[in-house]
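Trainee: Below is query_30.pdb; it holds PDB, C-alpha atoms and all ligand atoms.
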ATOM      1  CA  MET A  23       0.000   0.000   0.000
ATOM      2  CA  THR A  24       1.427   3.369  -1.003
ATOM      3  CA  ARG A  25       1.165   5.833   1.880
ATOM      4  CA  ILE A  26       0.277   9.278   0.576
ATOM      5  CA  ALA A  27       0.734  12.729   2.106
ATOM      6  CA  ILE A  28      -1.631  15.374   0.746
ATOM      7  CA  MET A  29       0.057  18.790   0.782
ATOM      8  CA  GLY A  30      -2.172  21.881   1.038
ATOM      9  CA  ALA A  31      -4.900  19.533   2.265
ATOM     10  CA  ALA A  32      -7.276  22.369   3.160
ATOM     11  CA  GLY A  33      -7.263  23.798  -0.392
ATOM     12  CA  ARG A  34      -9.834  23.218  -3.152
ATOM     13  CA  MET A  35      -7.794  20.373  -4.661
ATOM     14  CA  GLY A  36      -6.446  19.316  -1.254
ATOM     15  CA  ARG A  37      -9.878  18.280   0.036
ATOM     16  CA  VAL A  38     -10.622  16.394  -3.194
ATOM     17  CA  LEU A  39      -7.250  14.639  -2.958
ATOM     18  CA  LEU A  40      -8.012  13.574   0.635
ATOM     19  CA  THR A  41     -11.174  11.902  -0.652
ATOM     20  CA  ALA A  42      -9.414  10.270  -3.627
ATOM     21  CA  ALA A  43      -6.578   8.922  -1.447
ATOM     22  CA  HIS A  44      -9.009   7.645   1.196
ATOM     23  CA  GLN A  45     -11.147   5.861  -1.424
ATOM     24  CA  ALA A  46      -8.237   4.284  -3.358
ATOM     25  CA  ASP A  47      -7.731   0.499  -3.296
ATOM     26  CA  ASN A  48      -3.945   0.556  -3.790
ATOM     27  CA  ALA A  49      -3.084   3.549  -1.588
ATOM     28  CA  THR A  50      -3.798   4.905   1.844
ATOM     29  CA  LEU A  51      -3.771   8.379   3.364
ATOM     30  CA  GLY A  52      -0.641   8.683   5.520
ATOM     31  CA  ALA A  53      -0.732  12.416   6.259
ATOM     32  CA  ALA A  54      -2.622  15.634   5.550
ATOM     33  CA  VAL A  55      -0.392  18.710   5.626
ATOM     34  CA  ILE A  56      -1.805  22.212   5.851
ATOM     35  CA  ARG A  57      -0.467  25.725   6.358
ATOM     36  CA  PRO A  58       1.339  25.901   9.729
ATOM     37  CA  GLY A  59      -0.572  28.176  12.097
ATOM     38  CA  SER A  60      -3.913  27.406  10.436
ATOM     39  CA  SER A  61      -6.771  26.967  12.900
ATOM     40  CA  LEU A  62      -7.381  23.598  11.173
ATOM     41  CA  VAL A  63      -4.068  22.040  12.344
ATOM     42  CA  GLY A  64      -4.918  18.955  14.414
ATOM     43  CA  VAL A  65      -8.441  18.432  13.068
ATOM     44  CA  ASP A  66      -9.311  15.061  11.575
ATOM     45  CA  ALA A  67      -8.515  15.022   7.824
ATOM     46  CA  GLY A  68     -11.664  13.012   7.067
ATOM     47  CA  GLU A  69     -13.813  15.599   8.780
ATOM     48  CA  LEU A  70     -12.001  18.351   6.844
ATOM     49  CA  ALA A  71     -12.935  16.604   3.570
ATOM     50  CA  GLY A  72     -16.502  15.763   4.625
ATOM     51  CA  LEU A  73     -15.757  12.025   4.869
ATOM     52  CA  GLY A  74     -16.348  11.586   8.590
ATOM     53  CA  ARG A  75     -13.604  10.641  11.051
ATOM     54  CA  ILE A  76     -10.650   8.677   9.546
ATOM     55  CA  ASP A  77      -8.127   9.090  12.388
ATOM     56  CA  VAL A  78      -5.494  11.032  10.448
ATOM     57  CA  ALA A  79      -4.928  14.412  12.129
ATOM     58  CA  THR A  80      -3.801  17.330   9.934
ATOM     59  CA  THR A  81      -0.300  18.643  10.602
ATOM     60  CA  GLY A  82       1.489  21.898   9.781
ATOM     61  CA  ASP A  83       4.880  20.213   9.295
ATOM     62  CA  VAL A  84       5.600  17.419   6.805
ATOM     63  CA  ARG A  85       8.868  16.613   8.616
ATOM     64  CA  ALA A  86       6.850  15.490  11.635
ATOM     65  CA  VAL A  87       5.146  12.758   9.547
ATOM     66  CA  ALA A  88       8.120  11.721   7.368
ATOM     67  CA  ASP A  89       8.039   8.133   8.685
ATOM     68  CA  ASP A  90       4.339   7.721   7.843
ATOM     69  CA  ILE A  91       4.528   8.483   4.098
ATOM     70  CA  ASP A  92       6.038   7.266   0.811
ATOM     71  CA  VAL A  93       4.747   9.822  -1.720
ATOM     72  CA  LEU A  94       3.652  13.474  -1.511
ATOM     73  CA  ILE A  95       0.802  14.772  -3.675
ATOM     74  CA  ASP A  96       1.316  18.482  -4.087
ATOM     75  CA  PHE A  97      -1.265  20.841  -5.617
ATOM     76  CA  THR A  98      -0.180  24.066  -3.920
ATOM     77  CA  THR A  99       2.024  26.994  -5.012
ATOM     78  CA  PRO A 100       5.304  26.958  -6.981
ATOM     79  CA  GLN A 101       7.410  28.071  -3.991
ATOM     80  CA  LEU A 102       5.884  25.519  -1.643
ATOM     81  CA  THR A 103       6.318  22.769  -4.249
ATOM     82  CA  LEU A 104      10.042  23.577  -4.492
ATOM     83  CA  ASP A 105      10.334  23.385  -0.687
ATOM     84  CA  ASN A 106       8.565  20.020  -0.813
ATOM     85  CA  LEU A 107      10.996  18.745  -3.479
ATOM     86  CA  ALA A 108      13.873  19.596  -1.143
ATOM     87  CA  PHE A 109      12.120  17.575   1.571
ATOM     88  CA  CYS A 110      11.709  14.615  -0.838
ATOM     89  CA  ALA A 111      15.395  14.715  -1.829
ATOM     90  CA  GLU A 112      16.431  14.791   1.814
ATOM     91  CA  HIS A 113      14.092  12.015   3.000
ATOM     92  CA  GLY A 114      13.977   9.690  -0.052
ATOM     93  CA  LYS A 115      10.305  10.322  -0.937
ATOM     94  CA  ALA A 116       8.576  10.457  -4.329
ATOM     95  CA  ILE A 117       6.217  13.271  -5.360
ATOM     96  CA  VAL A 118       3.274  13.952  -7.667
ATOM     97  CA  ILE A 119       3.170  17.631  -8.631
ATOM     98  CA  GLY A 120      -0.044  19.204  -9.937
ATOM     99  CA  THR A 121       0.875  22.801  -9.100
ATOM    100  CA  THR A 122       0.870  25.192 -12.079
ATOM    101  CA  GLY A 123       2.116  28.739 -12.716
ATOM    102  CA  PHE A 124       5.892  28.144 -12.422
ATOM    103  CA  THR A 125       8.254  30.800 -13.825
ATOM    104  CA  ASP A 126      11.112  29.624 -16.077
ATOM    105  CA  GLU A 127      13.554  29.908 -13.143
ATOM    106  CA  GLU A 128      11.241  27.905 -10.882
ATOM    107  CA  LEU A 129      10.887  25.224 -13.591
ATOM    108  CA  GLU A 130      14.656  24.994 -13.803
ATOM    109  CA  ALA A 131      14.843  24.559 -10.028
ATOM    110  CA  LEU A 132      12.144  21.843 -10.203
ATOM    111  CA  ASP A 133      14.027  20.043 -12.972
ATOM    112  CA  SER A 134      17.240  20.053 -10.920
ATOM    113  CA  TYR A 135      15.670  17.465  -8.571
ATOM    114  CA  LYS A 136      15.066  14.876 -11.300
ATOM    115  CA  ASP A 137      18.296  12.990 -10.540
ATOM    116  CA  ARG A 138      17.370  12.613  -6.875
ATOM    117  CA  VAL A 139      13.561  12.398  -6.699
ATOM    118  CA  PRO A 140      11.022  10.210  -8.571
ATOM    119  CA  MET A 141       8.441  12.801  -9.675
ATOM    120  CA  VAL A 142       5.340  12.976 -11.822
ATOM    121  CA  PHE A 143       4.756  16.553 -12.954
ATOM    122  CA  ALA A 144       1.640  17.281 -14.998
ATOM    123  CA  ALA A 145      -0.434  20.426 -15.403
ATOM    124  CA  ASN A 146      -3.462  18.193 -15.797
ATOM    125  CA  MET A 147      -3.912  14.781 -14.186
ATOM    126  CA  SER A 148      -7.127  13.784 -15.964
ATOM    127  CA  THR A 149      -7.114  10.781 -18.305
ATOM    128  CA  GLY A 150      -9.220  12.651 -20.861
ATOM    129  CA  VAL A 151      -6.854  15.606 -21.189
ATOM    130  CA  ASN A 152      -3.849  13.340 -21.513
ATOM    131  CA  LEU A 153      -5.564  11.400 -24.287
ATOM    132  CA  LEU A 154      -6.425  14.761 -25.890
ATOM    133  CA  VAL A 155      -2.688  15.545 -26.032
ATOM    134  CA  ASN A 156      -2.218  12.508 -28.280
ATOM    135  CA  LEU A 157      -5.205  13.390 -30.484
ATOM    136  CA  LEU A 158      -3.848  16.917 -30.866
ATOM    137  CA  LYS A 159      -0.458  15.703 -32.041
ATOM    138  CA  THR A 160      -2.200  13.792 -34.847
ATOM    139  CA  ALA A 161      -4.420  16.750 -35.771
ATOM    140  CA  SER A 162      -1.509  19.157 -35.680
ATOM    141  CA  LYS A 163       0.620  17.025 -38.018
ATOM    142  CA  ALA A 164      -2.241  16.806 -40.517
ATOM    143  CA  LEU A 165      -3.499  20.394 -40.375
ATOM    144  CA  GLY A 166      -0.927  22.729 -38.862
ATOM    145  CA  ASP A 167       1.059  23.356 -42.028
ATOM    146  CA  ALA A 168      -1.967  23.011 -44.328
ATOM    147  CA  GLY A 169      -3.428  26.479 -43.838
ATOM    148  CA  TYR A 170      -5.309  25.879 -40.588
ATOM    149  CA  ASP A 171      -5.072  28.524 -37.850
ATOM    150  CA  ILE A 172      -4.600  27.085 -34.351
ATOM    151  CA  GLU A 173      -6.132  28.697 -31.251
ATOM    152  CA  VAL A 174      -6.423  27.463 -27.656
ATOM    153  CA  ILE A 175      -9.350  28.689 -25.549
ATOM    154  CA  GLU A 176      -9.653  27.905 -21.850
ATOM    155  CA  ALA A 177     -12.115  28.702 -19.054
ATOM    156  CA  HIS A 178     -11.702  28.300 -15.278
ATOM    157  CA  HIS A 179     -13.302  29.421 -12.008
ATOM    158  CA  ARG A 180     -12.841  32.987 -10.750
ATOM    159  CA  HIS A 181     -10.259  32.018  -8.071
ATOM    160  CA  LYS A 182      -7.584  30.713 -10.444
ATOM    161  CA  VAL A 183      -4.399  32.794 -10.101
ATOM    162  CA  ASP A 184      -2.362  31.890 -13.220
ATOM    163  CA  ALA A 185      -3.228  32.410 -16.911
ATOM    164  CA  PRO A 186      -3.299  30.859 -19.386
ATOM    165  CA  SER A 187      -3.833  27.611 -17.512
ATOM    166  CA  GLY A 188      -1.001  25.100 -17.265
ATOM    167  CA  THR A 189      -3.233  22.723 -19.231
ATOM    168  CA  ALA A 190      -3.692  25.255 -22.045
ATOM    169  CA  LEU A 191       0.095  25.582 -22.281
ATOM    170  CA  MET A 192       0.461  21.796 -22.275
ATOM    171  CA  LEU A 193      -2.072  21.505 -25.132
ATOM    172  CA  GLY A 194      -0.329  24.375 -26.946
ATOM    173  CA  ASP A 195       2.997  22.534 -26.649
ATOM    174  CA  ALA A 196       1.342  19.375 -28.017
ATOM    175  CA  VAL A 197       0.278  21.174 -31.223
ATOM    176  CA  ALA A 198       3.462  23.256 -31.529
ATOM    177  CA  GLU A 199       5.959  20.411 -31.225
ATOM    178  CA  PRO A 200       5.064  18.374 -34.362
ATOM    179  CA  LEU A 201       5.226  21.618 -36.383
ATOM    180  CA  GLY A 202       8.674  22.592 -35.100
ATOM    181  CA  ARG A 203       7.159  25.653 -33.415
ATOM    182  CA  THR A 204       7.585  26.824 -29.805
ATOM    183  CA  LEU A 205       5.155  28.759 -27.635
ATOM    184  CA  LYS A 206       7.963  31.183 -26.745
ATOM    185  CA  GLU A 207       8.259  32.160 -30.408
ATOM    186  CA  HIS A 208       4.795  31.446 -31.826
ATOM    187  CA  GLY A 209       2.447  31.791 -28.826
ATOM    188  CA  VAL A 210       0.234  34.903 -28.809
ATOM    189  CA  PHE A 211      -1.168  35.437 -25.334
ATOM    190  CA  ALA A 212      -2.991  38.762 -25.717
ATOM    191  CA  ARG A 213      -4.597  40.771 -28.516
ATOM    192  CA  GLU A 214      -5.775  44.327 -27.998
ATOM    193  CA  GLY A 215      -6.182  47.438 -30.145
ATOM    194  CA  GLN A 216      -4.644  47.635 -33.634
ATOM    195  CA  CYS A 217      -2.679  44.410 -33.337
ATOM    196  CA  GLY A 218      -2.799  43.636 -37.084
ATOM    197  CA  PRO A 219      -3.837  40.446 -38.862
ATOM    198  CA  ARG A 220      -2.971  37.028 -37.593
ATOM    199  CA  ARG A 221       0.320  35.388 -38.662
ATOM    200  CA  ASP A 222      -0.081  31.973 -40.303
ATOM    201  CA  ASP A 223       2.130  30.238 -37.786
ATOM    202  CA  GLU A 224       0.960  31.815 -34.548
ATOM    203  CA  ILE A 225      -0.751  29.776 -31.823
ATOM    204  CA  GLY A 226      -3.251  32.022 -30.067
ATOM    205  CA  PHE A 227      -4.536  31.729 -26.494
ATOM    206  CA  ALA A 228      -7.735  33.130 -24.998
ATOM    207  CA  THR A 229      -8.674  32.959 -21.314
ATOM    208  CA  VAL A 230     -12.047  33.086 -19.527
ATOM    209  CA  ARG A 231     -12.288  33.395 -15.708
ATOM    210  CA  ALA A 232     -15.798  33.083 -14.297
ATOM    211  CA  GLY A 233     -17.857  31.576 -11.504
ATOM    212  CA  ASP A 234     -17.203  27.960 -10.575
ATOM    213  CA  ILE A 235     -16.025  26.524 -13.925
ATOM    214  CA  VAL A 236     -13.862  23.488 -13.039
ATOM    215  CA  GLY A 237     -11.836  23.610 -16.288
ATOM    216  CA  GLU A 238     -12.646  23.689 -20.014
ATOM    217  CA  HIS A 239     -10.183  23.622 -22.908
ATOM    218  CA  THR A 240     -10.781  23.829 -26.644
ATOM    219  CA  VAL A 241      -8.155  23.658 -29.354
ATOM    220  CA  LEU A 242      -9.486  24.783 -32.708
ATOM    221  CA  PHE A 243      -8.033  24.337 -36.157
ATOM    222  CA  ALA A 244      -9.765  26.738 -38.576
ATOM    223  CA  THR A 245      -9.371  27.383 -42.290
ATOM    224  CA  GLU A 246     -11.592  28.887 -44.937
ATOM    225  CA  GLY A 247     -14.639  26.650 -45.172
ATOM    226  CA  GLU A 248     -14.310  24.551 -41.995
ATOM    227  CA  ARG A 249     -13.028  24.244 -38.477
ATOM    228  CA  ILE A 250     -12.324  21.373 -36.145
ATOM    229  CA  GLU A 251     -12.674  21.851 -32.394
ATOM    230  CA  LEU A 252     -11.311  19.385 -29.875
ATOM    231  CA  THR A 253     -12.779  20.088 -26.439
ATOM    232  CA  HIS A 254     -12.321  18.696 -22.963
ATOM    233  CA  LYS A 255     -14.633  19.684 -20.094
ATOM    234  CA  ALA A 256     -13.894  18.709 -16.505
ATOM    235  CA  SER A 257     -17.122  18.555 -14.523
ATOM    236  CA  SER A 258     -15.618  17.543 -11.169
ATOM    237  CA  ARG A 259     -12.180  17.943  -9.573
ATOM    238  CA  MET A 260     -12.331  14.226  -8.769
ATOM    239  CA  THR A 261     -10.962  13.527 -12.266
ATOM    240  CA  PHE A 262      -7.708  15.276 -11.207
ATOM    241  CA  GLY A 263      -7.808  13.658  -7.753
ATOM    242  CA  LYS A 264      -8.149  10.112  -9.073
ATOM    243  CA  GLY A 265      -5.411  10.712 -11.660
ATOM    244  CA  ALA A 266      -3.067  12.068  -8.993
ATOM    245  CA  VAL A 267      -3.596   9.074  -6.700
ATOM    246  CA  ARG A 268      -3.019   6.709  -9.635
ATOM    247  CA  ALA A 269       0.216   8.630 -10.368
ATOM    248  CA  ALA A 270       1.255   8.354  -6.698
ATOM    249  CA  ALA A 271       0.879   4.546  -6.647
ATOM    250  CA  TRP A 272       2.848   4.389  -9.933
ATOM    251  CA  VAL A 273       5.702   6.754  -9.034
ATOM    252  CA  ALA A 274       6.276   5.022  -5.671
ATOM    253  CA  THR A 275       7.893   2.150  -7.621
ATOM    254  CA  GLN A 276       9.965   4.286 -10.017
ATOM    255  CA  PRO A 277      13.618   5.380  -9.853
ATOM    256  CA  ALA A 278      14.520   9.085  -9.698
ATOM    257  CA  GLY A 279      13.358  10.940 -12.828
ATOM    258  CA  ARG A 280      10.807  13.424 -14.124
ATOM    259  CA  PHE A 281       7.717  11.701 -15.529
ATOM    260  CA  ASP A 282       4.332  12.911 -16.772
ATOM    261  CA  MET A 283       0.799  11.481 -16.906
ATOM    262  CA  GLN A 284       1.426   9.954 -20.331
ATOM    263  CA  ASP A 285       4.078   7.786 -18.620
ATOM    264  CA  VAL A 286       1.661   6.901 -15.819
ATOM    265  CA  LEU A 287      -1.149   5.987 -18.240
ATOM    266  CA  GLY A 288       1.209   4.167 -20.614
ATOM    267  CA  ILE A 289       0.051   6.191 -23.647
ATOM    268  CA  LYS A 290       3.313   7.838 -24.679
TER     269      LYS A 290
HETATM  270  P1  LIG B   1      -6.072  26.558  -3.460
HETATM  271  O1  LIG B   1      -5.609  27.982  -3.294
HETATM  272  O2  LIG B   1      -7.468  26.192  -3.038
HETATM  273  O3  LIG B   1      -5.079  25.571  -2.681
HETATM  274  C1  LIG B   1      -3.713  25.811  -2.457
HETATM  275  C2  LIG B   1      -3.416  25.268  -1.079
HETATM  276  O4  LIG B   1      -2.019  25.389  -0.797
HETATM  277  C3  LIG B   1      -4.175  26.062   0.004
HETATM  278  O5  LIG B   1      -4.807  25.169   0.886
HETATM  279  C4  LIG B   1      -3.042  26.773   0.716
HETATM  280  O6  LIG B   1      -3.349  26.980   2.089
HETATM  281  C5  LIG B   1      -1.916  25.780   0.542
HETATM  282  N1  LIG B   1      -0.656  26.412   0.864
HETATM  283  C6  LIG B   1      -0.105  27.524   0.314
HETATM  284  N2  LIG B   1       1.037  27.831   0.969
HETATM  285  C7  LIG B   1       1.173  26.870   1.943
HETATM  286  C8  LIG B   1       2.168  26.609   2.947
HETATM  287  N3  LIG B   1       3.216  27.421   3.095
HETATM  288  N4  LIG B   1       2.021  25.499   3.730
HETATM  289  C9  LIG B   1       0.965  24.660   3.583
HETATM  290  N5  LIG B   1      -0.002  24.872   2.667
HETATM  291  C10 LIG B   1       0.113  25.965   1.867
HETATM  292  O7  LIG B   1      -5.828  26.198  -4.997
HETATM  293  P2  LIG B   1      -6.350  24.931  -5.833
HETATM  294  O8  LIG B   1      -7.511  25.322  -6.674
HETATM  295  O9  LIG B   1      -6.481  23.751  -4.929
HETATM  296  O10 LIG B   1      -5.114  24.733  -6.824
HETATM  297  C11 LIG B   1      -3.803  24.478  -6.362
HETATM  298  C12 LIG B   1      -2.864  24.275  -7.548
HETATM  299  O11 LIG B   1      -3.225  23.081  -8.256
HETATM  300  C13 LIG B   1      -2.926  25.406  -8.595
HETATM  301  O12 LIG B   1      -1.615  25.647  -9.070
HETATM  302  C14 LIG B   1      -3.814  24.833  -9.688
HETATM  303  O13 LIG B   1      -3.585  25.398 -10.958
HETATM  304  C15 LIG B   1      -3.372  23.389  -9.648
HETATM  305  N6  LIG B   1      -4.316  22.418 -10.239
HETATM  306  C16 LIG B   1      -3.753  21.422 -10.982
HETATM  307  C17 LIG B   1      -4.549  20.427 -11.510
HETATM  308  C18 LIG B   1      -3.891  19.278 -12.235
HETATM  309  O14 LIG B   1      -4.590  18.351 -12.679
HETATM  310  N7  LIG B   1      -2.557  19.266 -12.356
HETATM  311  C19 LIG B   1      -5.935  20.451 -11.311
HETATM  312  C20 LIG B   1      -6.485  21.483 -10.540
HETATM  313  C21 LIG B   1      -5.651  22.458  -9.993
END
Using structure tokens, write down the structure that the file contains.
Ligand code: NAD

Mentor:
Amino acid sequence: MTRIAIMGAAGRMGRVLLTAAHQADNATLGAAVIRPGSSLVGVDAGELAGLGRIDVATTGDVRAVADDIDVLIDFTTPQLTLDNLAFCAEHGKAIVIGTTGFTDEELEALDSYKDRVPMVFAANMSTGVNLLVNLLKTASKALGDAGYDIEVIEAHHRHKVDAPSGTALMLGDAVAEPLGRTLKEHGVFAREGQCGPRRDDEIGFATVRAGDIVGEHTVLFATEGERIELTHKASSRMTFGKGAVRAAAWVATQPAGRFDMQDVLGIK
């Protein structure tokens, strides 16, 4: 049984992850870590997640529960995730990282742990989105250089702090790569005023933030006379929670390295 620590357990994803870990057949909840000083430190993690008592008390310090866990699941903030990677390197733990919004420097720091820590890092843990990545590679090869404009449109709840979403960037990379393009060079992340006509090779992004939208992504390929839209809609955060727990059970048996959900699902 893989023993999982949920980091940021009081957060939106944290509470879902508590439920997913508790319900899993091949994993068990070893620890629930929340912000030190929170009034919720010490409460029962099951009660925090609305599951009823499960006899795992929340803690403000992952070091205090190091002996009770094998893998961390971390959907928090970039800085906290880097701190947690340092903990994993020091204590021989694996980690599943769902956090998004890393700067280039933070990504470099994350990558520097790949020789010491088994990690799954994915901006989206859902099976559907990871299958969509594969479908997009096929569509991009067929259409991208054949006069089809490519745009990525995403929508999320009003509390999301980074834009475009990590998933939108992941989908953008999936269409850019087969065409020899990069989002750094070909991504267009804002259009306003007299910005001129669209370049043939640009990959545009548009962002919606509203209400309680869990996460919606569309990649469209449009030319004169037709357009194809590939859309994924998440209707519950449980899709990310279940994917993350599956990744945790998988990465617990892996050597040090940086893996993604395609590795976990065996669809690379
Ligand atoms: P949230 O703000 O509800 O949760 C973040 C949690 O981190 C909070 O509970 C916060 O208290 C905790 N935290 C921050 N600093 C801390 C500290 N120093 N110590 C302990 N805890 C600390 O946000 P959310 O909606 O749950 O999203 C979290 C992250 O997960 C975001 O980056 C989001 O984009 C990402 N996300 C990824 C996926 C995926 O499938 N990969 C899916 C959904 C969300």

Trainee: Collect all residues with atoms no farther than 6 Å from ligand LIG 1 (chain B), counting all atoms listed in the file, and output them as a list in words.

Mentor: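 What falls inside 6 Å of ligand LIG 1 (chain B) is Gly30, Ala31, Ala32, Gly33, Arg34, Met35, Gly36, Ile56, Arg57, Phe97, Thr98, Thr99, Leu102, Gly120, Thr121, Thr122, Ala144, Ala145, Asn146, Met147 and Phe262 of chain A.
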
Trainee: Can you give me, as an mmCIF file with C-alpha atoms, in the frame of the given file, the residues this file yields under the PyMOL selection byres (((chain A and resi 264) around 12) and not hetatm)?

Mentor:
data_model
loop_
_atom_site.group_PDB
_atom_site.id
_atom_site.type_symbol
_atom_site.label_atom_id
_atom_site.label_comp_id
_atom_site.auth_asym_id
_atom_site.auth_seq_id
_atom_site.Cartn_x
_atom_site.Cartn_y
_atom_site.Cartn_z
ATOM 1 C CA MET A 35 -7.794 20.373 -4.661
ATOM 2 C CA VAL A 38 -10.622 16.394 -3.194
ATOM 3 C CA LEU A 39 -7.250 14.639 -2.958
ATOM 4 C CA LEU A 40 -8.012 13.574 0.635
ATOM 5 C CA THR A 41 -11.174 11.902 -0.652
ATOM 6 C CA ALA A 42 -9.414 10.270 -3.627
ATOM 7 C CA ALA A 43 -6.578 8.922 -1.447
ATOM 8 C CA HIS A 44 -9.009 7.645 1.196
ATOM 9 C CA GLN A 45 -11.147 5.861 -1.424
ATOM 10 C CA ALA A 46 -8.237 4.284 -3.358
ATOM 11 C CA ASP A 47 -7.731 0.499 -3.296
ATOM 12 C CA ASN A 48 -3.945 0.556 -3.790
ATOM 13 C CA ALA A 49 -3.084 3.549 -1.588
ATOM 14 C CA ILE A 95 0.802 14.772 -3.675
ATOM 15 C CA ASN A 146 -3.462 18.193 -15.797
ATOM 16 C CA MET A 147 -3.912 14.781 -14.186
ATOM 17 C CA SER A 148 -7.127 13.784 -15.964
ATOM 18 C CA THR A 149 -7.114 10.781 -18.305
ATOM 19 C CA SER A 258 -15.618 17.543 -11.169
ATOM 20 C CA ARG A 259 -12.180 17.943 -9.573
ATOM 21 C CA MET A 260 -12.331 14.226 -8.769
ATOM 22 C CA THR A 261 -10.962 13.527 -12.266
ATOM 23 C CA PHE A 262 -7.708 15.276 -11.207
ATOM 24 C CA GLY A 263 -7.808 13.658 -7.753
ATOM 25 C CA GLY A 265 -5.411 10.712 -11.660
ATOM 26 C CA ALA A 266 -3.067 12.068 -8.993
ATOM 27 C CA VAL A 267 -3.596 9.074 -6.700
ATOM 28 C CA ARG A 268 -3.019 6.709 -9.635
ATOM 29 C CA ALA A 269 0.216 8.630 -10.368
ATOM 30 C CA ALA A 270 1.255 8.354 -6.698
ATOM 31 C CA ALA A 271 0.879 4.546 -6.647
ATOM 32 C CA MET A 283 0.799 11.481 -16.906
#

Trainee: Quick one: residues within 10 Å of Asn106 in chain A, all atoms listed in the file counted, chain neighbours fewer than 2 positions away excluded, as a PyMOL selection string?

Mentor: chain A and resi 29+84+94-96+100-104+108-112+115+117+119

Trainee: Around all of range 254-266 of chain A's listed atoms, make the axis-aligned box with 5 Å on each side and tell me centre and edge lengths in Å to one decimal, as lines of an AutoDock Vina configuration file.

Mentor:
center_x = -10.1
center_y = 14.9
center_z = -15.4
size_x = 24.1
size_y = 19.6
size_z = 25.2

Trainee: Counting all atoms listed in the file, what are the residues of range 96-168 of chain A within 12 Å of range 229-242 of chain A, and for each of them which pair of atoms is the nearest and at what distance in Å, to one decimal? Sort the table by chain and rising number, as a Markdown table.

Mentor:
| residue | atom | partner | partner_atom | distance |
| --- | --- | --- | --- | --- |
| A:Ala145 | CA | A:Gly237 | CA | 11.9 |
| A:Asn146 | CA | A:Gly237 | CA | 10.0 |
| A:Ser148 | CA | A:Gly237 | CA | 10.9 |
| A:Gly150 | CA | A:His239 | CA | 11.2 |
| A:Val151 | CA | A:His239 | CA | 8.8 |
| A:Leu154 | CA | A:Val241 | CA | 9.7 |
| A:Val155 | CA | A:Val241 | CA | 10.3 |
| A:Leu157 | CA | A:Val241 | CA | 10.7 |
| A:Leu158 | CA | A:Val241 | CA | 8.1 |
| A:Lys159 | CA | A:Val241 | CA | 11.4 |
| A:Ala161 | CA | A:Leu242 | CA | 10.0 |
| A:Ser162 | CA | A:Leu242 | CA | 10.2 |
| A:Leu165 | CA | A:Leu242 | CA | 10.7 |
| A:Gly166 | CA | A:Leu242 | CA | 10.7 |

Trainee: Quick one: of A:Ala131, A:Ile76, A:Val63, A:Val174, who's nearest to Ile250 in chain A, counting all atoms listed in the file?

Mentor: A:Val174
